[in-house]
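Structure file final_2.cif (mmCIF, C-alpha atoms (C1' of nucleotides)) is printed below.
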```cif
data_entry
#
loop_
_atom_site.label_atom_id
_atom_site.label_comp_id
_atom_site.auth_asym_id
_atom_site.auth_seq_id
_atom_site.Cartn_x
_atom_site.Cartn_y
_atom_site.Cartn_z
CA MET A 4 86.23 43.73 120.12
CA SER A 5 85.14 46.41 117.68
CA LEU A 6 83.95 45.55 114.22
CA PRO A 7 86.46 46.13 111.45
CA HIS A 8 85.54 48.99 109.17
CA PRO A 9 87.18 50.25 105.97
CA PRO A 10 89.59 53.13 106.51
CA ALA A 11 88.20 56.59 105.82
CA THR A 12 88.98 58.15 102.47
CA VAL A 13 90.72 61.50 102.14
CA THR A 14 90.25 63.61 99.03
CA VAL A 15 92.05 66.92 98.54
CA PHE A 16 90.33 69.22 96.07
CA ALA A 17 93.37 71.13 94.90
CA GLY A 18 95.33 71.00 91.66
CA ALA A 19 99.01 70.15 91.31
CA SER A 20 99.89 73.85 91.11
CA SER A 21 98.20 74.59 94.43
CA TRP A 22 100.51 74.35 97.37
CA ILE A 23 98.99 72.61 100.37
CA GLU A 24 100.95 72.43 103.59
CA SER A 25 101.91 68.84 104.35
CA ASP A 26 101.04 69.32 108.04
CA ALA A 27 97.45 70.05 107.01
CA VAL A 28 97.24 66.92 104.86
CA ALA A 29 98.72 64.95 107.77
CA GLN A 30 95.96 66.34 110.00
CA CYS A 31 93.38 65.11 107.48
CA HIS A 32 94.81 61.61 107.74
CA GLN A 33 94.78 61.82 111.54
CA VAL A 34 91.11 62.75 111.34
CA ALA A 35 90.53 59.89 108.89
CA ALA A 36 91.86 57.47 111.49
CA LEU A 37 89.26 58.52 114.06
CA ASP A 38 86.69 55.95 115.08
CA GLY A 39 83.63 56.10 112.84
CA MET A 40 85.15 58.43 110.24
CA ARG A 41 84.14 57.63 106.65
CA HIS A 42 85.32 60.46 104.38
CA VAL A 43 87.41 63.62 104.68
CA ALA A 44 87.07 66.20 101.92
CA ALA A 45 89.80 68.85 101.97
CA MET A 46 89.12 72.14 100.25
CA PRO A 47 91.76 74.11 98.29
CA ASP A 48 92.10 76.58 101.19
CA LEU A 49 93.17 73.76 103.53
CA HIS A 50 95.70 74.74 106.21
CA PRO A 51 96.72 73.38 109.60
CA GLY A 52 94.55 74.17 112.58
CA LYS A 53 94.77 73.50 116.28
CA GLY A 54 94.37 69.74 116.38
CA ALA A 55 92.19 69.58 113.29
CA PRO A 56 92.57 70.89 109.76
CA ILE A 57 90.88 74.10 108.61
CA GLY A 58 89.20 73.92 105.23
CA ALA A 59 87.78 70.41 105.52
CA ALA A 60 84.42 68.64 105.65
CA MET A 61 84.49 65.40 107.62
CA ALA A 62 81.72 62.77 107.54
CA SER A 63 81.48 60.34 110.43
CA SER A 64 79.05 58.13 112.32
CA VAL A 65 80.45 59.71 115.51
CA LEU A 66 80.17 63.38 116.49
CA TYR A 67 83.48 65.03 117.44
CA PRO A 68 83.01 68.59 118.78
CA PHE A 69 86.72 69.42 118.48
CA LEU A 70 86.53 69.02 114.68
CA VAL A 71 84.28 72.09 114.49
CA GLY A 72 86.25 73.94 117.15
CA SER A 73 85.21 76.79 119.39
CA ASP A 74 83.85 79.19 116.80
CA ILE A 75 80.67 77.22 116.16
CA GLY A 76 78.45 79.15 113.77
CA CYS A 77 81.20 81.21 112.18
CA GLY A 78 80.27 82.25 108.69
CA ILE A 79 80.13 84.93 106.04
CA ALA A 80 77.09 87.02 105.17
CA VAL A 81 76.59 89.54 102.37
CA PHE A 82 74.22 92.48 102.76
CA PRO A 83 73.29 94.94 100.02
CA ILE A 84 73.91 98.50 101.22
CA ARG A 85 73.50 101.93 99.73
CA VAL A 86 76.14 104.53 100.51
CA LYS A 87 76.03 107.96 98.95
CA ARG A 88 79.72 108.91 98.68
CA PRO A 89 81.74 105.69 98.82
CA ASP A 90 85.09 107.29 99.53
CA PRO A 91 87.19 104.75 101.48
CA GLN A 92 89.05 107.26 103.66
CA ARG A 93 85.92 109.16 104.61
CA LEU A 94 83.91 106.02 105.38
CA ALA A 95 86.71 104.27 107.27
CA ALA A 96 86.64 107.08 109.82
CA ARG A 97 82.92 106.54 110.35
CA PHE A 98 83.02 102.84 111.23
CA PRO A 99 81.90 102.28 114.83
CA ASP A 100 83.97 100.41 117.40
CA LEU A 101 82.88 96.80 116.82
CA ASP A 102 84.67 95.58 119.94
CA ALA A 103 82.42 97.68 122.13
CA PRO A 104 79.28 96.01 123.45
CA LEU A 105 75.98 97.03 121.92
CA ASP A 106 74.62 100.08 123.64
CA PRO A 107 72.08 99.76 125.15
CA ALA A 108 71.82 96.26 123.70
CA PRO A 109 68.63 96.68 121.65
CA ALA A 110 69.61 93.47 119.95
CA SER A 111 66.24 91.78 119.83
CA ASP A 112 64.72 94.98 118.40
CA LEU A 113 67.34 95.15 115.66
CA VAL A 114 66.95 91.56 114.52
CA GLY A 115 63.35 91.04 115.58
CA GLU A 116 63.95 87.86 117.51
CA ASP A 117 65.19 86.55 120.83
CA ILE A 118 68.87 85.97 121.34
CA PRO A 119 69.68 82.28 120.93
CA GLY A 120 70.87 80.68 124.14
CA GLY A 121 70.25 83.95 125.97
CA TYR A 122 73.94 84.76 125.62
CA VAL A 123 74.19 88.54 125.34
CA GLU A 124 77.87 89.07 126.09
CA SER A 125 79.83 90.12 123.01
CA LEU A 126 76.67 90.36 120.94
CA GLY A 127 77.25 92.61 117.93
CA THR A 128 81.04 92.41 118.19
CA VAL A 129 83.23 91.12 115.39
CA GLY A 130 86.07 89.40 117.26
CA ARG A 131 89.65 88.98 116.04
CA GLY A 132 91.65 86.54 113.98
CA ASN A 133 90.40 86.43 110.41
CA HIS A 134 87.08 88.08 111.22
CA PHE A 135 86.17 91.35 109.55
CA VAL A 136 83.39 93.62 108.33
CA GLU A 137 84.01 94.92 104.84
CA LEU A 138 82.33 97.49 102.67
CA ALA A 139 82.92 96.26 99.12
CA ARG A 140 81.87 97.02 95.57
CA VAL A 141 80.64 94.42 93.13
CA ASP A 142 83.37 94.39 90.51
CA ALA A 143 83.29 91.77 87.75
CA VAL A 144 79.94 90.11 87.11
CA LEU A 145 80.78 86.65 85.79
CA ASP A 146 77.29 85.15 85.65
CA GLU A 147 74.90 87.91 84.68
CA SER A 148 71.60 86.08 85.17
CA HIS A 149 72.61 84.59 88.51
CA ALA A 150 73.82 87.97 89.77
CA GLU A 151 70.56 89.51 88.63
CA ARG A 152 68.58 86.90 90.58
CA LEU A 153 70.52 88.00 93.66
CA GLY A 154 69.75 91.61 92.83
CA LEU A 155 73.41 92.41 92.19
CA ALA A 156 74.94 94.47 89.40
CA ALA A 157 78.44 95.77 88.84
CA GLY A 158 79.09 98.84 90.99
CA ASP A 159 76.60 97.87 93.70
CA LEU A 160 77.86 98.07 97.26
CA VAL A 161 77.68 95.28 99.81
CA LEU A 162 78.71 94.68 103.41
CA VAL A 163 80.59 91.43 103.84
CA VAL A 164 80.51 90.21 107.44
CA HIS A 165 82.77 87.38 108.62
CA SER A 166 82.16 86.56 112.28
CA GLY A 167 80.94 83.81 114.54
CA SER A 168 79.67 82.98 117.99
CA ARG A 169 82.46 84.64 120.02
CA GLY A 170 82.57 83.46 123.63
CA PHE A 171 79.31 81.53 123.31
CA GLY A 172 80.67 78.81 121.03
CA GLU A 173 83.89 78.76 123.00
CA ARG A 174 81.91 78.04 126.16
CA ILE A 175 80.02 75.20 124.45
CA LEU A 176 83.20 73.50 123.24
CA ARG A 177 84.88 73.96 126.61
CA GLY A 178 81.89 72.35 128.32
CA HIS A 179 82.56 69.27 126.20
CA THR A 180 86.36 69.18 126.26
CA GLU A 181 86.61 69.65 130.04
CA VAL A 182 84.94 66.28 130.40
CA HIS A 183 85.65 64.40 127.18
CA GLY A 184 88.67 66.12 125.62
CA ALA A 185 88.92 65.32 121.90
CA GLY A 186 86.59 62.36 122.34
CA PRO A 187 83.14 62.12 120.82
CA ALA A 188 80.00 63.67 122.23
CA PRO A 189 78.35 60.86 124.23
CA ASP A 190 75.00 62.61 123.89
CA ALA A 191 75.00 64.01 120.37
CA ALA A 192 71.52 65.50 120.70
CA ALA A 193 72.51 67.46 123.80
CA TYR A 194 75.61 68.85 122.09
CA LEU A 195 73.64 69.63 118.94
CA ALA A 196 71.00 71.57 120.89
CA ARG A 197 73.70 73.93 122.19
CA HIS A 198 75.52 73.91 118.84
CA ASP A 199 72.35 74.91 116.99
CA ASP A 200 71.93 77.88 119.34
CA ALA A 201 75.49 78.98 118.53
CA VAL A 202 74.84 78.64 114.80
CA ARG A 203 71.77 80.86 115.11
CA TRP A 204 73.69 83.24 117.40
CA GLY A 205 76.41 83.61 114.76
CA SER A 206 73.88 84.52 112.11
CA VAL A 207 72.15 87.01 114.42
CA ASN A 208 75.55 88.46 115.25
CA ARG A 209 76.35 89.03 111.58
CA ARG A 210 73.04 90.84 111.12
CA LEU A 211 73.72 92.98 114.18
CA LEU A 212 77.18 93.86 112.88
CA ALA A 213 75.72 94.89 109.53
CA ALA A 214 73.08 96.97 111.30
CA ARG A 215 75.67 98.69 113.50
CA VAL A 216 77.84 99.64 110.55
CA ALA A 217 74.93 100.70 108.36
CA ASP A 218 73.61 102.86 111.19
CA ALA A 219 76.98 104.54 111.66
CA LEU A 220 77.30 105.17 107.92
CA GLY A 221 73.72 106.46 107.71
CA ALA A 222 73.12 103.88 105.01
CA PRO A 223 70.11 101.66 104.38
CA VAL A 224 71.00 97.97 104.58
CA GLY A 225 68.95 95.02 103.34
CA GLU A 226 68.48 91.43 104.42
CA PRO A 227 71.48 89.22 103.67
CA ILE A 228 71.53 87.78 100.15
CA VAL A 229 74.08 85.20 101.32
CA ASP A 230 74.70 83.88 104.83
CA GLN A 231 76.55 80.60 105.03
CA CYS A 232 78.12 79.10 108.09
CA HIS A 233 81.43 77.29 107.56
CA ASN A 234 81.93 75.86 111.09
CA LEU A 235 79.17 73.47 112.07
CA VAL A 236 77.88 69.92 112.32
CA GLU A 237 75.13 68.91 109.95
CA ILE A 238 73.17 65.66 110.13
CA ARG A 239 73.20 64.32 106.62
CA ASP A 240 72.19 60.86 105.43
CA GLY A 241 72.30 59.62 109.01
CA GLU A 242 75.88 60.81 109.52
CA PHE A 243 77.50 63.74 111.25
CA LEU A 244 79.06 66.04 108.66
CA HIS A 245 81.57 68.28 110.43
CA ARG A 246 82.47 71.44 108.56
CA LYS A 247 85.56 73.37 109.68
CA GLY A 248 86.31 76.26 107.36
CA ALA A 249 84.22 74.59 104.69
CA ALA A 250 81.01 76.21 103.48
CA PRO A 251 77.89 74.29 102.46
CA GLY A 252 78.24 73.68 98.75
CA ASP A 253 75.04 71.88 97.83
CA GLY A 254 73.25 74.37 95.61
CA ARG A 255 73.99 77.33 97.84
CA ASP A 256 75.49 80.74 97.01
CA VAL A 257 78.63 81.36 99.01
CA LEU A 258 80.94 84.33 99.44
CA ILE A 259 84.50 83.01 99.44
CA ALA A 260 86.63 85.63 101.11
CA GLY A 261 89.89 86.81 99.60
CA THR A 262 92.16 88.87 101.81
CA ARG A 263 92.28 92.41 103.15
CA GLY A 264 93.62 93.77 99.88
CA THR A 265 92.34 91.40 97.22
CA HIS A 266 88.99 90.52 95.67
CA SER A 267 86.48 88.07 97.09
CA TYR A 268 84.33 85.72 95.01
CA LEU A 269 80.61 85.13 95.20
CA VAL A 270 80.07 81.64 93.79
CA ALA A 271 77.19 79.30 93.02
CA ALA A 272 78.23 76.09 94.75
CA HIS A 273 77.26 72.66 93.48
CA ALA A 274 79.48 70.24 95.35
CA GLY A 275 78.55 66.57 95.51
CA PRO A 276 79.26 63.66 97.86
CA ASP A 277 83.00 63.37 97.03
CA ALA A 278 83.43 66.89 98.38
CA ASN A 279 81.10 66.18 101.29
CA PHE A 280 78.78 68.77 99.71
CA SER A 281 81.20 71.56 100.61
CA VAL A 282 83.30 74.35 99.16
CA ALA A 283 86.17 76.52 100.40
CA HIS A 284 85.53 79.42 102.77
CA GLY A 285 88.38 81.73 101.88
CA ALA A 286 91.85 82.08 100.45
CA GLY A 287 93.38 79.97 103.22
CA ARG A 288 96.50 80.88 105.16
CA LYS A 289 99.79 79.95 103.61
CA MET A 290 101.81 81.18 106.61
CA SER A 291 101.30 80.65 110.31
CA ARG A 292 100.47 83.79 112.25
CA ALA A 293 103.96 83.74 113.77
CA ASP A 294 105.62 83.51 110.35
CA ALA A 295 103.35 86.18 108.89
CA LEU A 296 104.28 88.54 111.74
CA ARG A 297 108.02 87.93 111.46
CA ARG A 298 108.20 88.06 107.67
CA GLY A 299 105.60 90.80 107.35
CA LYS A 300 107.54 93.15 109.57
CA ALA A 301 110.57 92.71 107.29
CA LYS A 302 108.56 93.09 104.11
CA HIS A 303 105.75 95.60 104.72
CA THR A 304 105.13 98.91 106.38
CA VAL A 305 102.01 99.53 108.43
CA GLU A 306 101.05 102.22 105.92
CA GLU A 307 101.04 99.90 102.89
CA LEU A 308 98.93 97.33 104.74
CA ARG A 309 96.44 100.00 105.74
CA ARG A 310 96.10 101.35 102.20
CA THR A 311 95.98 98.42 99.79
CA PRO A 312 96.88 98.22 96.07
CA LEU A 313 93.15 98.16 95.34
CA GLY A 314 92.83 101.56 97.00
CA SER A 315 90.93 100.18 99.95
CA VAL A 316 91.47 101.16 103.57
CA VAL A 317 92.11 98.60 106.31
CA VAL A 318 91.01 99.72 109.78
CA CYS A 319 93.16 97.76 112.21
CA GLY A 320 94.36 99.40 115.40
CA ASP A 321 96.24 96.21 116.32
CA ARG A 322 99.62 96.26 114.58
CA GLN A 323 100.34 92.59 115.20
CA LEU A 324 97.01 91.54 113.73
CA LEU A 325 97.63 93.76 110.69
CA PHE A 326 100.82 91.80 109.89
CA GLU A 327 99.26 88.42 110.71
CA GLU A 328 96.44 89.18 108.30
CA ALA A 329 98.58 90.64 105.52
CA PRO A 330 97.45 89.51 102.05
CA THR A 331 100.85 87.86 101.55
CA ALA A 332 100.10 85.53 104.48
CA TYR A 333 97.30 83.98 102.40
CA LYS A 334 97.12 81.93 99.23
CA ARG A 335 95.93 83.55 96.04
CA ILE A 336 92.14 83.52 96.02
CA GLU A 337 92.16 83.11 92.21
CA GLN A 338 93.93 79.75 92.60
CA VAL A 339 91.43 78.58 95.22
CA ILE A 340 88.54 79.52 92.93
CA ALA A 341 90.24 77.87 89.94
CA ASP A 342 90.57 74.64 91.94
CA LEU A 343 86.86 74.73 92.83
CA VAL A 344 85.95 75.34 89.18
CA ASP A 345 88.31 72.60 87.92
CA HIS A 346 86.71 70.11 90.31
CA GLU A 347 83.23 71.33 89.34
CA LEU A 348 82.40 72.35 92.88
CA ALA A 349 81.42 75.96 92.13
CA THR A 350 80.78 78.53 89.42
CA PRO A 351 81.87 82.14 90.00
CA VAL A 352 79.02 84.65 89.93
CA ALA A 353 80.75 87.94 90.79
CA THR A 354 83.81 89.39 92.41
CA THR A 355 83.82 92.06 95.09
CA ALA A 356 86.55 94.63 95.63
CA PRO A 357 87.07 96.01 99.15
CA LEU A 358 86.62 99.72 99.89
CA VAL A 359 86.95 99.59 103.68
CA THR A 360 87.86 96.51 105.71
CA TYR A 361 87.29 96.85 109.42
CA LYS A 362 89.29 94.58 111.74
CA VAL A 363 89.84 96.48 115.02
CA ALA A 364 89.13 100.10 115.93
CA ASP A 365 92.09 102.43 115.38
CA SER A 366 91.51 103.91 118.80
CA ALA A 367 91.77 100.48 120.42
CA PRO A 368 94.55 100.28 122.96
CA PRO A 369 97.26 97.77 122.03
CA ARG A 370 96.51 94.31 123.32
CA ARG A 371 98.52 93.20 126.31
CA ARG A 372 100.52 90.06 125.85
"C1'" DA B 11 89.46 82.25 117.28
"C1'" DT B 12 88.82 82.79 121.94
"C1'" DG B 13 88.93 84.60 126.90
"C1'" DT B 14 92.27 84.32 130.20
"C1'" DA B 15 96.57 83.52 132.23
"C1'" DC B 16 101.35 84.50 132.39
#
```
When written as structure tokens, how does the structure in this file appear?
Amino acid sequence: MSLPHPPATVTVFAGASSWIESDAVAQCHQVAALDGMRHVAAMPDLHPGKGAPIGAAMASSVLYPFLVGSDIGCGIAVFPIRVKRPDPQRLAARFPDLDAPLDPAPASDLVGEDIPGGYVESLGTVGRGNHFVELARVDAVLDESHAERLGLAAGDLVLVVHSGSRGFGERILRGHTEVHGAGPAPDAAAYLARHDDAVRWGSVNRRLLAARVADALGAPVGEPIVDQCHNLVEIRDGEFLHRKGAAPGDGRDVLIAGTRGTHSYLVAAHAGPDANFSVAHGAGRKMSRADALRRGKAKHTVEELRRTPLGSVVVCGDRQLLFEEAPTAYKRIEQVIADLVDHELATPVATTAPLVTYKVADSAPPRRR
DNA sequence: ATGTAC
């Protein structure tokens, strides 16, 4: 007979004017019912995921690998970069193919360290889904002194890299689920050892992606000023804090991604225990990929999605992905940020405006399906 | 979000 324990609490950090899909809230309550779960904090970019919600931080005495998912170590990094003539059309044509493997894989030279887990497949590649590499310009500076501490001023250019651990994290999750399904990790330390490698791998991958792009643009690139992982397990106060699409918000600076065609927000995060020390990671989908594809095809042309209202260029040789990732498939980033501010989870520091967003090489052959 | 299967 198991000991009775109080049911887990669920808190959604979104205002009444923010629409949150009921399926996603239902997923939060399913997670709350899991053995050992204590508190689920849902961020304003919450949306339904495969089995578990995306945009949530979940604190439990039991470690559940499926709550983090396969893209362990996924995160967003921001690198200062200097580009001489930042013309979007000209630069878009110079982006390298970030699906192609590193050639000849001088990865450890580029990042000055060994490759975590020894997994070299897919190293330096961006992946699909919501991943991207974006050349952006610092637009509005909303907290002058904080921006200055980060070395940022209006007009500066940055590379924003959103990517994760590719097939490495997928392999780690599969190793667990093949035996235990959605059940807990019986040996948390063993899972965490592999997980930690994937988290490091993701960060190395983001640096490699920045280096590849900077090299192709002939531009000097610096160390990341921000690099926060939004899919991971953290041991905190003797519990397992699972973050899935929820960035660490305890005194960290975080880039919260808008969409391919809207601004992103660099924020100073100061989330407390109610929010499981977390903030949002992006605008959050408001449409499923299937809906976005169907409705997008009726509403948009390829040309308007490739040249956005902000004047930026979207490099995306995969037409389906272009529609799935259309800005209209996402919530308004301004509302997500307003919810974080209203709940005192974050303070905006600066906005960035995209110049070139790279998703998939234009020369890429269409994906078979 | 992913590699792989259909």
Tell me which of A:Leu66, A:Val318, A:Val224, A:Ala44 sits closest to Ala193 in chain A, counting all atoms listed in the file.
A:Leu66
Selected by the PyMOL selection byres ((chain A and resi 102) around 12) in the shown coordinates: which residues, as a ChimeraX atom specification?
/A:98-101,103-106,124-131,134-136,169,212,215,319-320,361-368
Residues picked by the PyMOL selection byres ((chain B) within 8 of (chain A)) here, as JSON, numbers by chain?
{"B": [11, 12, 13]}
How would the residues just picked look written out with C-alpha atoms (C1' of nucleotides) as a PDB file, in the frame of the given file?
```
ATOM      1  C1'  DA B  11      89.460  82.250 117.280  1.00  0.00           C
ATOM      2  C1'  DT B  12      88.820  82.790 121.940  1.00  0.00           C
ATOM      3  C1'  DG B  13      88.930  84.600 126.900  1.00  0.00           C
TER       4       DG B  13
END
```
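Across the chains present, the PyMOL selection byres ((chain A and resi 33) around 12) applied to this file returns Pro10, Ala11, Thr12, Val13, Asp26, Ala27, Val28, Ala29, Gln30, Cys31, His32, Val34, Ala35, Ala36, Leu37, Asp38, Met40, His42, Val43, Pro51, Gly54, Ala55, Pro56, Met61 and Leu70 of chain A.
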Kindly save the residues from that selection, with C-alpha atoms included, as a PDB file, keeping the file's coordinate frame.
```pdb
ATOM      1  CA  PRO A  10      89.590  53.130 106.510  1.00  0.00           C
ATOM      2  CA  ALA A  11      88.200  56.590 105.820  1.00  0.00           C
ATOM      3  CA  THR A  12      88.980  58.150 102.470  1.00  0.00           C
ATOM      4  CA  VAL A  13      90.720  61.500 102.140  1.00  0.00           C
ATOM      5  CA  ASP A  26     101.040  69.320 108.040  1.00  0.00           C
ATOM      6  CA  ALA A  27      97.450  70.050 107.010  1.00  0.00           C
ATOM      7  CA  VAL A  28      97.240  66.920 104.860  1.00  0.00           C
ATOM      8  CA  ALA A  29      98.720  64.950 107.770  1.00  0.00           C
ATOM      9  CA  GLN A  30      95.960  66.340 110.000  1.00  0.00           C
ATOM     10  CA  CYS A  31      93.380  65.110 107.480  1.00  0.00           C
ATOM     11  CA  HIS A  32      94.810  61.610 107.740  1.00  0.00           C
ATOM     12  CA  VAL A  34      91.110  62.750 111.340  1.00  0.00           C
ATOM     13  CA  ALA A  35      90.530  59.890 108.890  1.00  0.00           C
ATOM     14  CA  ALA A  36      91.860  57.470 111.490  1.00  0.00           C
ATOM     15  CA  LEU A  37      89.260  58.520 114.060  1.00  0.00           C
ATOM     16  CA  ASP A  38      86.690  55.950 115.080  1.00  0.00           C
ATOM     17  CA  MET A  40      85.150  58.430 110.240  1.00  0.00           C
ATOM     18  CA  HIS A  42      85.320  60.460 104.380  1.00  0.00           C
ATOM     19  CA  VAL A  43      87.410  63.620 104.680  1.00  0.00           C
ATOM     20  CA  PRO A  51      96.720  73.380 109.600  1.00  0.00           C
ATOM     21  CA  GLY A  54      94.370  69.740 116.380  1.00  0.00           C
ATOM     22  CA  ALA A  55      92.190  69.580 113.290  1.00  0.00           C
ATOM     23  CA  PRO A  56      92.570  70.890 109.760  1.00  0.00           C
ATOM     24  CA  MET A  61      84.490  65.400 107.620  1.00  0.00           C
ATOM     25  CA  LEU A  70      86.530  69.020 114.680  1.00  0.00           C
TER      26      LEU A  70
END
```
CA of Ser148 in chain A to CA of His165 in chain A: how many Å, to one decimal?
26.0 Å
What separation in Å, quoted to one decimal, exists between CA of Ala201 in chain A and CA of Ala274 in chain A?
25.1 Å
Straight-line distance linking CA of Leu49 in chain A with CA of Asn234 in chain A, stated in Å to one decimal
13.7 Å
7 Å contact set for Phe243 in chain A, all atoms listed in the file, chain neighbours under 3 positions out, as a compact mmCIF listing (two decimals) with C-alpha atoms, in the coordinates of the input:
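File written: out13.txt
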```
# COMPACT_ATOMS: atom_id res chain seq x y z
CA ALA A 62 81.72 62.77 107.54
CA SER A 63 81.48 60.34 110.43
CA SER A 64 79.05 58.13 112.32
CA VAL A 65 80.45 59.71 115.51
CA LEU A 66 80.17 63.38 116.49
CA VAL A 236 77.88 69.92 112.32
CA GLU A 237 75.13 68.91 109.95
CA ILE A 238 73.17 65.66 110.13
CA ARG A 239 73.20 64.32 106.62
```
Residue nearest Ala286 in chain A - candidates A:Val305, A:Leu313, A:Leu145, A:Leu258, atoms counted: all atoms listed in the file:
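Of A:Val305, A:Leu313, A:Leu145, A:Leu258, the one nearest Ala286 in chain A, counting all atoms listed in the file, is A:Leu258.
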I'd like the neighbourhood of Ala60 in chain A as an MDAnalysis selection string, where a residue qualifies if any of its atoms comes within 7 Å (using only C-alpha atoms (C1' of nucleotides)), though same-chain residues fewer than 6 positions away should be ignored.
chainID A and resid 43:45 244:247 249 279 281
Which residues are near Glu327 in chain A? Cut-off 9 Å, only C-alpha atoms (C1' of nucleotides), ignore same chain within fewer than 3 positions. Put them as a PyMOL selection string.
chain A and resi 132+290-297+299+322-324+330+332
Would you mind completing range 354-366 of chain A so that it carries N, CA and C atoms, and writing it out as a PDB file, in the frame of the given file?
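After the write, out-v9.pdb holds the following:
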```pdb
ATOM      1  N   THR A 354      82.746  89.069  91.469  1.00  0.00           N
ATOM      2  CA  THR A 354      83.810  89.390  92.410  1.00  0.00           C
ATOM      3  C   THR A 354      83.441  90.676  93.153  1.00  0.00           C
ATOM      4  N   THR A 355      83.978  90.804  94.359  1.00  0.00           N
ATOM      5  CA  THR A 355      83.820  92.060  95.090  1.00  0.00           C
ATOM      6  C   THR A 355      85.205  92.625  95.396  1.00  0.00           C
ATOM      7  N   ALA A 356      85.294  93.948  95.327  1.00  0.00           N
ATOM      8  CA  ALA A 356      86.550  94.630  95.630  1.00  0.00           C
ATOM      9  C   ALA A 356      86.359  95.439  96.917  1.00  0.00           C
ATOM     10  N   PRO A 357      87.252  95.293  97.877  1.00  0.00           N
ATOM     11  CA  PRO A 357      87.070  96.010  99.150  1.00  0.00           C
ATOM     12  C   PRO A 357      87.237  97.523  98.989  1.00  0.00           C
ATOM     13  N   LEU A 358      86.433  98.260  99.747  1.00  0.00           N
ATOM     14  CA  LEU A 358      86.620  99.720  99.890  1.00  0.00           C
ATOM     15  C   LEU A 358      87.172 100.001 101.285  1.00  0.00           C
ATOM     16  N   VAL A 359      86.488  99.448 102.290  1.00  0.00           N
ATOM     17  CA  VAL A 359      86.950  99.590 103.680  1.00  0.00           C
ATOM     18  C   VAL A 359      86.838  98.216 104.338  1.00  0.00           C
ATOM     19  N   THR A 360      87.917  97.733 104.902  1.00  0.00           N
ATOM     20  CA  THR A 360      87.860  96.510 105.710  1.00  0.00           C
ATOM     21  C   THR A 360      88.123  96.878 107.146  1.00  0.00           C
ATOM     22  N   TYR A 361      87.165  96.562 107.994  1.00  0.00           N
ATOM     23  CA  TYR A 361      87.290  96.850 109.420  1.00  0.00           C
ATOM     24  C   TYR A 361      87.725  95.590 110.160  1.00  0.00           C
ATOM     25  N   LYS A 362      88.832  95.690 110.891  1.00  0.00           N
ATOM     26  CA  LYS A 362      89.290  94.580 111.740  1.00  0.00           C
ATOM     27  C   LYS A 362      89.141  94.946 113.225  1.00  0.00           C
ATOM     28  N   VAL A 363      89.815  96.022 113.623  1.00  0.00           N
ATOM     29  CA  VAL A 363      89.840  96.480 115.020  1.00  0.00           C
ATOM     30  C   VAL A 363      89.882  97.996 114.985  1.00  0.00           C
ATOM     31  N   ALA A 364      89.166  98.639 115.907  1.00  0.00           N
ATOM     32  CA  ALA A 364      89.130 100.100 115.930  1.00  0.00           C
ATOM     33  C   ALA A 364      90.550 100.675 116.033  1.00  0.00           C
ATOM     34  N   ASP A 365      90.777 101.768 115.320  1.00  0.00           N
ATOM     35  CA  ASP A 365      92.090 102.430 115.380  1.00  0.00           C
ATOM     36  C   ASP A 365      92.389 102.970 116.763  1.00  0.00           C
ATOM     37  N   SER A 366      91.310 103.324 117.472  1.00  0.00           N
ATOM     38  CA  SER A 366      91.510 103.910 118.800  1.00  0.00           C
ATOM     39  C   SER A 366      91.752 102.836 119.854  1.00  0.00           C
TER      40      SER A 366
END
```
